[in-house]
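Asks: So that you have it, the file is coords-v8.cif, and it contains mmCIF, C-alpha atoms:
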```cif
data_input
loop_
_atom_site.group_PDB
_atom_site.id
_atom_site.type_symbol
_atom_site.label_atom_id
_atom_site.label_comp_id
_atom_site.auth_asym_id
_atom_site.auth_seq_id
_atom_site.Cartn_x
_atom_site.Cartn_y
_atom_site.Cartn_z
ATOM 1 C CA MET J 1326 -121.950 -85.009 -16.832
ATOM 2 C CA THR J 1327 -123.834 -85.785 -20.021
ATOM 3 C CA GLU J 1328 -127.514 -85.537 -20.686
ATOM 4 C CA GLU J 1329 -127.585 -88.614 -22.949
ATOM 5 C CA PRO J 1330 -129.070 -91.813 -21.564
ATOM 6 C CA ARG J 1331 -126.569 -94.588 -21.055
ATOM 7 C CA LEU J 1332 -126.906 -97.355 -23.666
ATOM 8 C CA SER J 1333 -126.774 -101.013 -22.737
ATOM 9 C CA ALA J 1334 -124.296 -103.342 -24.435
ATOM 10 C CA GLN J 1335 -127.119 -104.921 -26.441
ATOM 11 C CA ASP J 1336 -128.270 -101.487 -27.667
ATOM 12 C CA ILE J 1337 -124.760 -100.738 -28.860
ATOM 13 C CA ILE J 1338 -124.559 -104.093 -30.689
ATOM 14 C CA ASP J 1339 -127.992 -103.489 -32.259
ATOM 15 C CA ARG J 1340 -126.883 -100.070 -33.526
ATOM 16 C CA LEU J 1341 -123.834 -101.615 -35.173
ATOM 17 C CA ALA J 1342 -125.845 -104.410 -36.795
ATOM 18 C CA PRO J 1343 -126.700 -102.933 -40.204
ATOM 19 C CA VAL J 1344 -123.157 -101.877 -41.100
ATOM 20 C CA LEU J 1345 -120.265 -103.911 -42.451
ATOM 21 C CA SER J 1346 -116.868 -102.435 -41.753
ATOM 22 C CA PRO J 1347 -114.947 -101.202 -44.817
ATOM 23 C CA ARG J 1348 -112.347 -103.917 -44.226
ATOM 24 C CA VAL J 1349 -114.965 -106.685 -44.251
ATOM 25 C CA ARG J 1350 -116.689 -105.156 -47.280
ATOM 26 C CA ILE J 1351 -113.375 -105.044 -49.212
ATOM 27 C CA ARG J 1352 -112.647 -108.648 -48.213
ATOM 28 C CA ALA J 1353 -116.111 -109.685 -49.409
ATOM 29 C CA VAL J 1354 -115.778 -107.908 -52.753
ATOM 30 C CA ALA J 1355 -112.290 -109.382 -53.255
ATOM 31 C CA ALA J 1356 -113.561 -112.915 -52.535
ATOM 32 C CA LEU J 1357 -116.545 -112.424 -54.834
ATOM 33 C CA LEU J 1358 -114.464 -111.044 -57.715
ATOM 34 C CA ALA J 1359 -111.687 -113.620 -57.308
ATOM 35 C CA GLY J 1360 -114.231 -116.428 -57.185
ATOM 36 C CA VAL J 1361 -116.174 -115.268 -60.224
ATOM 37 C CA GLY J 1362 -112.986 -114.468 -62.152
ATOM 38 C CA GLY J 1363 -111.450 -117.818 -61.267
ATOM 39 C CA THR J 1364 -114.616 -119.674 -62.238
ATOM 40 C CA VAL J 1365 -114.731 -117.936 -65.611
ATOM 41 C CA PHE J 1366 -111.008 -118.482 -66.221
ATOM 42 C CA VAL J 1367 -110.947 -122.166 -65.223
ATOM 43 C CA GLY J 1368 -114.236 -122.853 -67.007
ATOM 44 C CA THR J 1369 -112.944 -121.228 -70.174
ATOM 45 C CA LEU J 1370 -109.711 -123.238 -70.050
ATOM 46 C CA TRP J 1371 -111.633 -126.445 -69.438
ATOM 47 C CA TRP J 1372 -114.139 -125.773 -72.219
ATOM 48 C CA SER J 1373 -111.532 -124.681 -74.780
ATOM 49 C CA GLU J 1374 -109.247 -127.726 -74.521
ATOM 50 C CA PRO J 1375 -108.743 -128.988 -78.086
ATOM 51 C CA GLY J 1376 -108.788 -132.715 -77.432
ATOM 52 C CA PRO J 1377 -110.072 -135.291 -74.997
ATOM 53 C CA LEU J 1378 -108.690 -134.917 -71.493
ATOM 54 C CA PRO J 1379 -107.690 -137.643 -69.048
ATOM 55 C CA GLY J 1380 -109.972 -138.260 -66.078
ATOM 56 C CA ARG J 1381 -107.613 -136.721 -63.537
ATOM 57 C CA THR J 1382 -107.506 -133.502 -65.593
ATOM 58 C CA HIS J 1383 -111.296 -133.327 -65.580
ATOM 59 C CA LEU J 1384 -111.174 -133.896 -61.819
ATOM 60 C CA ALA J 1385 -108.654 -131.077 -61.361
ATOM 61 C CA PHE J 1386 -110.688 -128.646 -63.476
ATOM 62 C CA ALA J 1387 -113.879 -129.572 -61.613
ATOM 63 C CA LEU J 1388 -112.132 -129.186 -58.263
ATOM 64 C CA PHE J 1389 -110.751 -125.740 -59.098
ATOM 65 C CA THR J 1390 -114.139 -124.651 -60.430
ATOM 66 C CA VAL J 1391 -115.833 -125.759 -57.201
ATOM 67 C CA PHE J 1392 -113.285 -123.856 -55.104
ATOM 68 C CA CYS J 1393 -113.759 -120.712 -57.164
ATOM 69 C CA LEU J 1394 -117.541 -121.023 -56.844
ATOM 70 C CA ALA J 1395 -117.146 -121.492 -53.081
ATOM 71 C CA TRP J 1396 -115.174 -118.237 -52.811
ATOM 72 C CA ALA J 1397 -117.691 -116.396 -55.001
ATOM 73 C CA THR J 1398 -120.552 -117.696 -52.855
ATOM 74 C CA TYR J 1399 -118.707 -116.712 -49.684
ATOM 75 C CA GLY J 1400 -118.127 -113.178 -51.009
ATOM 76 C CA GLY J 1401 -121.759 -112.798 -52.020
ATOM 77 C CA TRP J 1402 -122.966 -114.154 -48.671
ATOM 78 C CA LEU J 1403 -120.688 -111.805 -46.772
ATOM 79 C CA LEU J 1404 -121.864 -108.767 -48.734
ATOM 80 C CA THR J 1405 -125.498 -109.529 -47.897
ATOM 81 C CA ARG J 1406 -125.008 -109.900 -44.133
ATOM 82 C CA ARG J 1407 -126.665 -107.197 -42.039
ATOM 83 C CA VAL J 1408 -126.161 -108.695 -38.592
ATOM 84 C CA PRO J 1409 -123.066 -108.928 -36.407
ATOM 85 C CA LEU J 1410 -121.102 -111.956 -37.566
ATOM 86 C CA PHE J 1411 -118.861 -112.389 -34.520
ATOM 87 C CA ALA J 1412 -116.072 -113.747 -36.767
ATOM 88 C CA THR J 1413 -118.286 -116.350 -38.461
ATOM 89 C CA ASP J 1414 -116.956 -115.025 -41.761
ATOM 90 C CA LEU J 1415 -113.399 -115.772 -40.690
ATOM 91 C CA VAL J 1416 -114.317 -119.319 -39.680
ATOM 92 C CA ILE J 1417 -116.047 -119.992 -43.009
ATOM 93 C CA ALA J 1418 -113.128 -118.564 -45.000
ATOM 94 C CA ALA J 1419 -110.668 -120.654 -42.985
ATOM 95 C CA TRP J 1420 -112.614 -123.850 -43.661
ATOM 96 C CA ILE J 1421 -112.825 -123.098 -47.398
ATOM 97 C CA GLY J 1422 -109.060 -122.541 -47.426
ATOM 98 C CA LEU J 1423 -108.393 -125.730 -45.478
ATOM 99 C CA ALA J 1424 -110.627 -127.818 -47.753
ATOM 100 C CA ALA J 1425 -108.984 -126.344 -50.848
ATOM 101 C CA SER J 1426 -105.499 -127.000 -49.455
ATOM 102 C CA LEU J 1427 -106.259 -130.605 -48.523
ATOM 103 C CA ALA J 1428 -107.962 -131.451 -51.812
ATOM 104 C CA THR J 1429 -105.304 -129.768 -53.945
ATOM 105 C CA THR J 1430 -102.536 -131.521 -52.023
ATOM 106 C CA ALA J 1431 -104.270 -134.871 -52.526
ATOM 107 C CA VAL J 1432 -104.783 -134.342 -56.272
ATOM 108 C CA VAL J 1433 -101.222 -133.108 -56.861
ATOM 109 C CA THR J 1434 -99.798 -136.013 -54.846
ATOM 110 C CA VAL J 1435 -101.842 -138.574 -56.802
ATOM 111 C CA VAL J 1436 -100.731 -137.047 -60.104
ATOM 112 C CA ALA J 1437 -97.095 -137.040 -58.970
ATOM 113 C CA VAL J 1438 -97.269 -140.704 -57.954
ATOM 114 C CA GLN J 1439 -98.972 -141.685 -61.221
ATOM 115 C CA ARG J 1440 -96.259 -139.904 -63.204
ATOM 116 C CA GLY J 1441 -93.555 -141.633 -61.196
ATOM 117 C CA THR J 1442 -91.951 -138.413 -59.931
ATOM 118 C CA GLY J 1443 -92.526 -139.287 -56.287
ATOM 119 C CA ALA J 1444 -94.835 -137.759 -53.727
ATOM 120 C CA GLY J 1445 -92.210 -136.123 -51.510
ATOM 121 C CA LEU J 1446 -92.175 -132.630 -52.974
ATOM 122 C CA ALA J 1447 -95.946 -132.560 -53.502
ATOM 123 C CA LEU J 1448 -96.567 -133.613 -49.905
ATOM 124 C CA ALA J 1449 -94.013 -131.157 -48.543
ATOM 125 C CA VAL J 1450 -95.395 -128.147 -50.380
ATOM 126 C CA GLY J 1451 -98.983 -129.231 -49.809
ATOM 127 C CA GLY J 1452 -98.214 -129.822 -46.144
ATOM 128 C CA VAL J 1453 -97.063 -126.224 -45.767
ATOM 129 C CA PHE J 1454 -100.304 -124.950 -47.301
ATOM 130 C CA VAL J 1455 -102.400 -127.283 -45.139
ATOM 131 C CA ALA J 1456 -100.505 -126.247 -42.000
ATOM 132 C CA VAL J 1457 -101.036 -122.544 -42.715
ATOM 133 C CA ALA J 1458 -104.728 -123.111 -43.485
ATOM 134 C CA LEU J 1459 -105.135 -125.145 -40.293
ATOM 135 C CA ALA J 1460 -103.441 -122.433 -38.229
ATOM 136 C CA LEU J 1461 -105.799 -119.837 -39.728
ATOM 137 C CA ALA J 1462 -108.801 -122.052 -38.931
ATOM 138 C CA VAL J 1463 -107.699 -122.448 -35.316
ATOM 139 C CA ARG J 1464 -107.140 -118.700 -35.034
ATOM 140 C CA ALA J 1465 -110.554 -117.942 -36.553
ATOM 141 C CA HIS J 1466 -112.298 -120.303 -34.143
ATOM 142 C CA ALA J 1467 -110.445 -118.766 -31.201
ATOM 143 C CA ARG J 1468 -111.407 -115.256 -32.322
ATOM 144 C CA ARG J 1469 -115.059 -116.242 -32.676
ATOM 145 C CA ALA J 1470 -115.077 -117.908 -29.261
ATOM 146 C CA ALA J 1471 -113.519 -114.824 -27.665
ATOM 147 C CA LEU J 1472 -116.060 -112.500 -29.280
ATOM 148 C CA LEU J 1473 -118.996 -114.685 -28.252
ATOM 149 C CA ARG J 1474 -117.629 -114.959 -24.723
ATOM 150 C CA ARG J 1475 -117.291 -111.169 -24.555
ATOM 151 C CA MET J 1476 -120.794 -110.656 -25.901
ATOM 152 C CA HIS J 1477 -122.145 -113.049 -23.290
ATOM 153 C CA GLU J 1478 -120.301 -111.152 -20.562
ATOM 154 C CA LEU J 1479 -121.714 -107.830 -21.729
ATOM 155 C CA THR J 1480 -125.295 -108.902 -22.424
ATOM 156 C CA GLY J 1481 -125.760 -111.886 -20.185
ATOM 157 C CA ARG J 1482 -127.231 -113.949 -23.018
ATOM 158 C CA GLU J 1483 -126.158 -116.263 -25.815
ATOM 159 C CA GLU J 1484 -125.854 -115.480 -29.530
ATOM 160 C CA ARG J 1485 -129.180 -114.970 -31.341
#
```
Take the structure from the file and write it as structure tokens.
Replies:
Amino acid sequence: MTEEPRLSAQDIIDRLAPVLSPRVRIRAVAALLAGVGGTVFVGTLWWSEPGPLPGRTHLAFALFTVFCLAWATYGGWLLTRRVPLFATDLVIAAWIGLAASLATTAVVTVVAVQRGTGAGLALAVGGVFVAVALALAVRAHARRAALLRRMHELTGREER
């Protein structure tokens, strides 16, 4: 019917390799800008505090700065990828989100206990964020496994 030679599954994957989808590119730029913007904002707040800060405040500022830098690094890494990721980007983003949720919940709970306001509300709200982040991590891992399984079915070989 057609005069074109039939391409193998690996040839099709190789042809797609150098291109990021617009959706992934937008996600990468958003992560990069949010990370850089957050780092600048938190760093400026931390630097411009008029007096000495308690240790837990320094810890909170450092923690938020690290999370912002992690998102900026993730966005930059994602923008530079020129190979099929097979949902690796989703797995990395999910783990960053889970780590941020767990650490923020821990810090907020410790601060609440030290102030004497009780840990109940902090743990409840933090637990919701951790549960959502964990669900996203499980979904990202399942998506990656499904894509790798499909690639193996089509090419008969493992990921490069």
Asks: Using only C-alpha atoms for the distances, tell me which of J:Val1354, J:Val1367, J:Val1435, J:Ala1456 is nearest to J:Val1391.
Replies: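 Closest to J:Val1391 of all the choices is J:Val1367.
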Asks: List the residues matched by the PyMOL selection byres ((chain J and resi 1358) around 12) in the displayed structure as a list in words, ordered by chain and then by residue number.
Replies: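 Selection result, ordered by chain and number: Ile1351, Arg1352, Ala1353, Val1354, Ala1355, Ala1356, Leu1357, Ala1359, Gly1360, Val1361, Gly1362, Gly1363, Thr1364, Val1365, Phe1366, Cys1393, Leu1394, Ala1395, Trp1396, Ala1397, Thr1398, Tyr1399, Gly1400, Gly1401 and Leu1404 of chain J.
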Asks: What is the atom CA of J:Met1476 to atom CA of J:Phe1411 distance in Å?
Replies: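 According to the coordinates, atom CA of J:Met1476 and atom CA of J:Phe1411 are separated by 9.0 Å.
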Asks: Which residue out of J:Pro1409, J:Arg1475, J:Gly1452, J:Arg1381 has the minimum interatomic distance to J:Gln1439 when all atoms listed in the file are used?
Replies: J:Arg1381
Asks: Would you mind telling me which residue in J:Ala1425, J:Leu1410, J:Leu1345, J:Val1416 lies nearest to J:Phe1389 when using only C-alpha atoms?
Replies: J:Ala1425
Asks: Separation of atom CA of J:Gln1335 and atom CA of J:Arg1464, in Å?
Replies: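 Distance between the two atoms: 25.7 Å.
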